[in-house]
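*Asks:* I am sharing run_12.txt, which consists of compact mmCIF, N, CA and C atoms:
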# COMPACT_ATOMS: atom_id res chain seq x y z
N MET D 508 -34.43 55.20 42.23
CA MET D 508 -34.39 54.76 40.96
C MET D 508 -35.76 54.33 40.47
N GLY D 509 -36.78 54.73 41.18
CA GLY D 509 -38.14 54.47 40.73
C GLY D 509 -38.65 55.63 39.89
N TRP D 510 -39.92 55.63 39.66
CA TRP D 510 -40.54 56.64 38.82
C TRP D 510 -40.40 58.05 39.39
N PHE D 511 -40.45 58.17 40.70
CA PHE D 511 -40.48 59.49 41.31
C PHE D 511 -39.15 59.89 41.93
N SER D 512 -38.13 59.13 41.67
CA SER D 512 -36.81 59.42 42.22
C SER D 512 -36.19 60.61 41.49
N SER D 513 -35.52 61.47 42.24
CA SER D 513 -34.87 62.62 41.61
C SER D 513 -33.46 62.28 41.15
N THR D 514 -32.97 61.08 41.48
CA THR D 514 -31.63 60.66 41.10
C THR D 514 -31.70 59.85 39.81
N PRO D 515 -31.00 60.27 38.74
CA PRO D 515 -31.00 59.49 37.51
C PRO D 515 -30.45 58.09 37.78
N THR D 516 -30.87 57.11 36.99
CA THR D 516 -30.49 55.73 37.23
C THR D 516 -29.01 55.47 37.03
N ASN D 517 -28.28 56.33 36.34
CA ASN D 517 -26.86 56.11 36.13
C ASN D 517 -26.00 56.90 37.12
N GLN D 518 -26.63 57.47 38.14
CA GLN D 518 -25.89 58.21 39.16
C GLN D 518 -26.14 57.60 40.53
N ALA D 519 -25.10 57.54 41.33
CA ALA D 519 -25.22 57.08 42.71
C ALA D 519 -25.81 58.20 43.56
N SER D 520 -26.22 57.86 44.75
CA SER D 520 -26.83 58.87 45.63
C SER D 520 -25.85 59.99 45.99
N ASP D 521 -24.53 59.71 45.89
CA ASP D 521 -23.54 60.74 46.19
C ASP D 521 -23.20 61.60 44.98
N GLY D 522 -23.87 61.37 43.85
CA GLY D 522 -23.63 62.16 42.64
C GLY D 522 -22.65 61.54 41.68
N GLY D 523 -21.94 60.50 42.11
CA GLY D 523 -21.00 59.81 41.23
C GLY D 523 -21.73 58.91 40.25
N ARG D 524 -21.01 58.48 39.25
CA ARG D 524 -21.62 57.61 38.24
C ARG D 524 -21.52 56.16 38.66
N ILE D 525 -22.53 55.39 38.33
CA ILE D 525 -22.53 53.96 38.60
C ILE D 525 -21.94 53.26 37.38
N ALA D 526 -20.99 52.37 37.62
CA ALA D 526 -20.37 51.62 36.53
C ALA D 526 -21.41 50.72 35.87
N PRO D 527 -21.33 50.57 34.54
CA PRO D 527 -22.30 49.72 33.86
C PRO D 527 -22.13 48.26 34.28
N ASP D 528 -23.25 47.57 34.41
CA ASP D 528 -23.18 46.16 34.76
C ASP D 528 -22.94 45.32 33.51
N ARG D 529 -22.83 44.02 33.70
CA ARG D 529 -22.51 43.11 32.59
C ARG D 529 -23.53 43.21 31.46
N THR D 530 -24.79 43.30 31.80
CA THR D 530 -25.84 43.39 30.78
C THR D 530 -25.71 44.68 29.97
N SER D 531 -25.44 45.78 30.65
CA SER D 531 -25.27 47.07 29.95
C SER D 531 -24.06 47.05 29.03
N ARG D 532 -22.97 46.47 29.51
CA ARG D 532 -21.77 46.38 28.67
C ARG D 532 -22.04 45.52 27.45
N GLN D 533 -22.72 44.40 27.65
CA GLN D 533 -23.03 43.50 26.54
C GLN D 533 -23.90 44.20 25.51
N LYS D 534 -24.88 44.94 25.96
CA LYS D 534 -25.75 45.70 25.06
C LYS D 534 -24.94 46.72 24.27
N CYS D 535 -24.01 47.40 24.95
CA CYS D 535 -23.14 48.38 24.30
C CYS D 535 -22.31 47.70 23.21
N TRP D 536 -21.66 46.59 23.56
CA TRP D 536 -20.80 45.91 22.61
C TRP D 536 -21.58 45.39 21.40
N GLU D 537 -22.78 44.88 21.64
CA GLU D 537 -23.60 44.38 20.53
C GLU D 537 -24.01 45.52 19.60
N SER D 538 -24.40 46.66 20.18
CA SER D 538 -24.79 47.80 19.33
C SER D 538 -23.57 48.34 18.59
N ARG D 539 -22.40 48.33 19.24
CA ARG D 539 -21.15 48.74 18.57
C ARG D 539 -20.86 47.83 17.38
N ASP D 540 -21.02 46.53 17.59
CA ASP D 540 -20.74 45.57 16.52
C ASP D 540 -21.69 45.76 15.33
N ARG D 541 -22.96 46.04 15.62
CA ARG D 541 -23.92 46.30 14.52
C ARG D 541 -23.56 47.58 13.78
N PHE D 542 -23.18 48.61 14.52
CA PHE D 542 -22.77 49.87 13.91
C PHE D 542 -21.53 49.68 13.04
N PHE D 543 -20.52 48.99 13.57
CA PHE D 543 -19.30 48.75 12.81
C PHE D 543 -19.56 47.87 11.59
N ALA D 544 -20.48 46.91 11.69
CA ALA D 544 -20.83 46.09 10.52
C ALA D 544 -21.46 46.96 9.44
N CYS D 545 -22.30 47.91 9.84
CA CYS D 545 -22.89 48.84 8.88
C CYS D 545 -21.81 49.69 8.23
N LEU D 546 -20.86 50.18 9.04
CA LEU D 546 -19.76 50.96 8.49
C LEU D 546 -18.97 50.12 7.48
N ASP D 547 -18.69 48.87 7.84
CA ASP D 547 -17.96 47.98 6.94
C ASP D 547 -18.71 47.79 5.62
N ASN D 548 -20.02 47.60 5.72
CA ASN D 548 -20.84 47.40 4.51
C ASN D 548 -20.87 48.63 3.61
N ASN D 549 -20.59 49.79 4.20
CA ASN D 549 -20.60 51.04 3.44
C ASN D 549 -19.21 51.61 3.22
N ASP D 550 -18.18 50.80 3.48
CA ASP D 550 -16.78 51.21 3.27
C ASP D 550 -16.43 52.51 3.99
N ILE D 551 -16.86 52.63 5.23
CA ILE D 551 -16.54 53.78 6.05
C ILE D 551 -15.63 53.30 7.18
N ILE D 552 -14.43 53.84 7.24
CA ILE D 552 -13.49 53.45 8.30
C ILE D 552 -13.60 54.42 9.47
N ASP D 553 -13.50 55.70 9.18
CA ASP D 553 -13.45 56.73 10.22
C ASP D 553 -14.81 57.40 10.37
N SER D 554 -15.53 56.99 11.41
CA SER D 554 -16.85 57.59 11.63
C SER D 554 -16.77 58.85 12.48
N VAL D 555 -15.56 59.24 12.88
CA VAL D 555 -15.39 60.51 13.58
C VAL D 555 -15.30 61.62 12.54
N ASN D 556 -14.31 61.52 11.65
CA ASN D 556 -14.16 62.54 10.60
C ASN D 556 -15.24 62.40 9.53
N GLY D 557 -15.77 61.19 9.36
CA GLY D 557 -16.83 60.97 8.39
C GLY D 557 -18.18 60.83 9.06
N ASP D 558 -18.40 61.61 10.11
CA ASP D 558 -19.63 61.50 10.90
C ASP D 558 -20.88 61.73 10.07
N LYS D 559 -20.83 62.71 9.20
CA LYS D 559 -22.01 63.05 8.39
C LYS D 559 -22.41 61.86 7.50
N GLU D 560 -21.42 61.28 6.84
CA GLU D 560 -21.69 60.13 5.97
C GLU D 560 -22.14 58.92 6.79
N ALA D 561 -21.50 58.70 7.94
CA ALA D 561 -21.86 57.57 8.79
C ALA D 561 -23.30 57.70 9.27
N ARG D 562 -23.68 58.90 9.67
CA ARG D 562 -25.06 59.12 10.13
C ARG D 562 -26.07 58.96 8.99
N LYS D 563 -25.65 59.33 7.79
CA LYS D 563 -26.53 59.20 6.63
C LYS D 563 -26.77 57.73 6.29
N LYS D 564 -25.71 56.94 6.31
CA LYS D 564 -25.80 55.55 5.87
C LYS D 564 -26.11 54.57 7.00
N CYS D 565 -25.78 54.93 8.23
CA CYS D 565 -25.97 54.02 9.37
C CYS D 565 -26.67 54.73 10.52
N GLY D 566 -27.64 55.55 10.20
CA GLY D 566 -28.30 56.37 11.20
C GLY D 566 -28.93 55.58 12.33
N LYS D 567 -29.67 54.54 12.00
CA LYS D 567 -30.32 53.73 13.02
C LYS D 567 -29.29 53.09 13.94
N GLU D 568 -28.24 52.56 13.36
CA GLU D 568 -27.22 51.86 14.13
C GLU D 568 -26.44 52.81 15.04
N ILE D 569 -26.13 54.00 14.55
CA ILE D 569 -25.35 54.94 15.37
C ILE D 569 -26.20 55.47 16.53
N VAL D 570 -27.47 55.68 16.31
CA VAL D 570 -28.34 56.14 17.39
C VAL D 570 -28.43 55.06 18.47
N GLU D 571 -28.55 53.81 18.04
CA GLU D 571 -28.60 52.70 19.00
C GLU D 571 -27.27 52.59 19.76
N PHE D 572 -26.16 52.71 19.05
CA PHE D 572 -24.82 52.63 19.65
C PHE D 572 -24.63 53.74 20.67
N GLU D 573 -24.95 54.95 20.29
CA GLU D 573 -24.77 56.09 21.20
C GLU D 573 -25.73 56.03 22.39
N GLY D 574 -26.89 55.38 22.20
CA GLY D 574 -27.84 55.25 23.29
C GLY D 574 -27.46 54.15 24.27
N ALA D 575 -26.76 53.13 23.78
CA ALA D 575 -26.42 51.98 24.62
C ALA D 575 -25.09 52.15 25.35
N CYS D 576 -24.25 53.06 24.88
CA CYS D 576 -22.90 53.20 25.45
C CYS D 576 -22.68 54.61 26.00
N ALA D 577 -21.83 54.68 26.99
CA ALA D 577 -21.42 55.99 27.52
C ALA D 577 -20.70 56.76 26.41
N SER D 578 -20.82 58.06 26.40
CA SER D 578 -20.21 58.86 25.33
C SER D 578 -18.70 58.66 25.26
N ALA D 579 -18.06 58.48 26.40
CA ALA D 579 -16.61 58.23 26.40
C ALA D 579 -16.29 56.90 25.71
N TRP D 580 -17.16 55.91 25.89
CA TRP D 580 -16.96 54.62 25.23
C TRP D 580 -17.15 54.75 23.72
N VAL D 581 -18.18 55.50 23.32
CA VAL D 581 -18.45 55.70 21.89
C VAL D 581 -17.22 56.33 21.23
N LYS D 582 -16.70 57.37 21.83
CA LYS D 582 -15.52 58.05 21.30
C LYS D 582 -14.33 57.08 21.24
N TYR D 583 -14.12 56.34 22.32
CA TYR D 583 -13.01 55.38 22.39
C TYR D 583 -13.11 54.33 21.29
N PHE D 584 -14.29 53.71 21.15
CA PHE D 584 -14.46 52.65 20.16
C PHE D 584 -14.28 53.17 18.74
N LYS D 585 -14.80 54.36 18.45
CA LYS D 585 -14.64 54.93 17.12
C LYS D 585 -13.17 55.20 16.80
N GLU D 586 -12.45 55.77 17.76
CA GLU D 586 -11.02 56.06 17.55
C GLU D 586 -10.20 54.78 17.49
N LYS D 587 -10.57 53.80 18.29
CA LYS D 587 -9.86 52.51 18.30
C LYS D 587 -10.01 51.81 16.95
N ARG D 588 -11.20 51.92 16.36
CA ARG D 588 -11.45 51.31 15.04
C ARG D 588 -10.47 51.86 14.01
N VAL D 589 -10.28 53.16 13.98
CA VAL D 589 -9.37 53.80 13.02
C VAL D 589 -7.93 53.39 13.32
N MET D 590 -7.56 53.41 14.59
CA MET D 590 -6.21 53.04 14.98
C MET D 590 -5.89 51.60 14.58
N GLU D 591 -6.83 50.68 14.82
CA GLU D 591 -6.60 49.28 14.47
C GLU D 591 -6.52 49.10 12.95
N TYR D 592 -7.34 49.83 12.22
CA TYR D 592 -7.28 49.77 10.75
C TYR D 592 -5.90 50.22 10.27
N ASN D 593 -5.44 51.35 10.78
CA ASN D 593 -4.11 51.86 10.38
C ASN D 593 -3.00 50.90 10.79
N ARG D 594 -3.11 50.33 11.98
CA ARG D 594 -2.13 49.36 12.44
C ARG D 594 -2.07 48.15 11.50
N ASP D 595 -3.24 47.62 11.15
CA ASP D 595 -3.29 46.45 10.27
C ASP D 595 -2.73 46.75 8.89
N LYS D 596 -3.02 47.93 8.37
CA LYS D 596 -2.48 48.33 7.06
C LYS D 596 -0.96 48.48 7.13
N THR D 597 -0.45 49.00 8.22
CA THR D 597 1.00 49.15 8.39
C THR D 597 1.66 47.78 8.47
N ILE D 598 1.07 46.86 9.20
CA ILE D 598 1.62 45.50 9.30
C ILE D 598 1.63 44.83 7.93
N GLU D 599 0.56 44.97 7.16
CA GLU D 599 0.50 44.41 5.81
C GLU D 599 1.62 45.00 4.94
N ARG D 600 1.80 46.31 5.01
CA ARG D 600 2.83 46.98 4.22
C ARG D 600 4.22 46.46 4.59
N ILE D 601 4.49 46.33 5.87
CA ILE D 601 5.79 45.84 6.33
C ILE D 601 6.02 44.41 5.87
N LYS D 602 5.00 43.58 5.93
CA LYS D 602 5.13 42.20 5.47
C LYS D 602 5.44 42.14 3.98
N ARG D 603 4.77 42.99 3.20
CA ARG D 603 5.04 43.04 1.76
C ARG D 603 6.46 43.49 1.49
N GLU D 604 6.89 44.53 2.21
CA GLU D 604 8.25 45.04 2.03
C GLU D 604 9.28 43.98 2.44
N ASP D 605 9.03 43.28 3.53
CA ASP D 605 9.95 42.22 3.97
C ASP D 605 10.00 41.10 2.95
N ALA D 606 8.84 40.73 2.41
CA ALA D 606 8.81 39.66 1.40
C ALA D 606 9.59 40.09 0.17
N ALA D 607 9.46 41.35 -0.23
CA ALA D 607 10.19 41.85 -1.40
C ALA D 607 11.69 41.85 -1.12
N THR D 608 12.08 42.21 0.08
CA THR D 608 13.50 42.21 0.46
C THR D 608 14.07 40.80 0.43
N VAL D 609 13.32 39.85 0.96
CA VAL D 609 13.77 38.45 0.95
C VAL D 609 13.91 37.96 -0.49
N GLN D 610 12.95 38.27 -1.32
CA GLN D 610 13.03 37.86 -2.74
C GLN D 610 14.26 38.48 -3.40
N ASP D 611 14.52 39.73 -3.11
CA ASP D 611 15.68 40.41 -3.68
C ASP D 611 16.97 39.74 -3.21
N LEU D 612 17.05 39.43 -1.93
CA LEU D 612 18.23 38.78 -1.39
C LEU D 612 18.42 37.38 -2.00
N LYS D 613 17.33 36.66 -2.16
CA LYS D 613 17.42 35.32 -2.75
C LYS D 613 17.89 35.40 -4.20
N SER D 614 17.43 36.42 -4.91
CA SER D 614 17.85 36.56 -6.30
C SER D 614 19.34 36.89 -6.41
N GLN D 615 19.91 37.39 -5.29
CA GLN D 615 21.34 37.71 -5.26
C GLN D 615 22.16 36.54 -4.72
N GLY D 616 21.48 35.40 -4.47
CA GLY D 616 22.20 34.21 -4.02
C GLY D 616 22.15 33.93 -2.54
N TRP D 617 21.45 34.74 -1.78
CA TRP D 617 21.35 34.52 -0.34
C TRP D 617 20.47 33.31 -0.08
N THR D 618 20.88 32.49 0.89
CA THR D 618 20.07 31.33 1.28
C THR D 618 19.85 31.39 2.77
N ASN D 619 18.72 30.93 3.19
CA ASN D 619 18.36 30.90 4.61
C ASN D 619 18.82 29.55 5.18
N LYS D 620 19.80 29.57 6.08
CA LYS D 620 20.31 28.32 6.66
C LYS D 620 19.90 28.18 8.07
Output the file's structure in the form of structure tokens.

*Replies:*
Amino acid sequence: MGWFSSTPTNQASDGGRIAPDRTSRQKCWESRDRFFACLDNNDIIDSVNGDKEARKKCGKEIVEFEGACASAWVKYFKEKRVMEYNRDKTIERIKREDAATVQDLKSQGWTNK
């Protein structure tokens, strides 16, 4: 793992990958958070399907994110962001629908005992 080593620093001597240490994970998460903050500031939810726009508006942040994290992690975090957004919107919709149902029932004389 020195200057003249033929083994890349992220590979073990047997050819397998070395798991990221705490510092590497922290760096990845921090760069992810900066990238996601940029996406939030630019009203971009899906940086997978909107990759071109994300790279245009958050180019520095995405390069840092992709450089600090394994490609599988980058893909996972981007997809997770969309999934969590959709989940939160669905929960909000269900709460609104439930509130409307309760209001309707109350207007018909139903009481919660």

*Asks:* Taking only C-alpha atoms into account, name the residue in D:Tyr592, D:Trp580, D:Phe572, D:Trp617 that is nearest to Arg539 of chain D.

*Replies:*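 Of D:Tyr592, D:Trp580, D:Phe572, D:Trp617, the one nearest Arg539 of chain D is D:Phe572, counting only C-alpha atoms.
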
*Asks:* Atom N of Gly574 of chain D and atom N of Asn593 of chain D, how far apart in Å?

*Replies:*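 Calculated distance between atom N of Asn593 of chain D and atom N of Gly574 of chain D is 24.6 Å.
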
*Asks:* Hey, can you check how far atom CA of Ser578 of chain D sits from atom C of Arg594 of chain D?

*Replies:* 25.2 Å

*Asks:* If you measure from atom CA of Lys587 of chain D to atom CA of Arg603 of chain D, what distance in Å do you get, rounded to one decimal?

*Replies:*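 Distance reported for this atom pair: 24.2 Å.
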
*Asks:* May I have the residues within 8 Å of Glu586 of chain D as an NGL selection string, using only N, CA and C atoms and disregarding those fewer than 5 positions away in the same chain?

*Replies:* :D and (553-555 or 580-581 or 591-592)

*Asks:* Rank nothing, just name the residue among D:Asp558, D:Glu568, D:Asp528, D:Glu604 nearest to Arg541 of chain D, using only N, CA and C atoms.

*Replies:*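 For Arg541 of chain D, the nearest of the candidates is D:Glu568.
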
*Asks:* DSSP on the backbone, helix (DSSP H, G or I) only: what residues of segment 516-572 of chain D does that give? Format it as a ChimeraX atom specification.

*Replies:* /D:529-548,558-564,566-572

*Asks:* Which residue is closest to Leu546 of chain D? Choose from D:Lys613, D:Asp605, D:Cys565, D:Arg588 and count all atoms listed in the file.

*Replies:*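 That would be D:Cys565, the residue with the smallest distance to Leu546 of chain D.
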
*Asks:* Under the rule that only N, CA and C atoms are counted, which of D:Cys576, D:Lys534, D:Ile552, D:Thr618 is the nearest residue to Met590 of chain D?

*Replies:* D:Ile552

*Asks:* Given the choices D:Asp595, D:Val589, D:Ala577, D:Pro527, which gets closest to Asn556 of chain D if the distance is worked out from only C-alpha atoms?

*Replies:*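 Nearest candidate to Asn556 of chain D out of D:Asp595, D:Val589, D:Ala577, D:Pro527: D:Val589.
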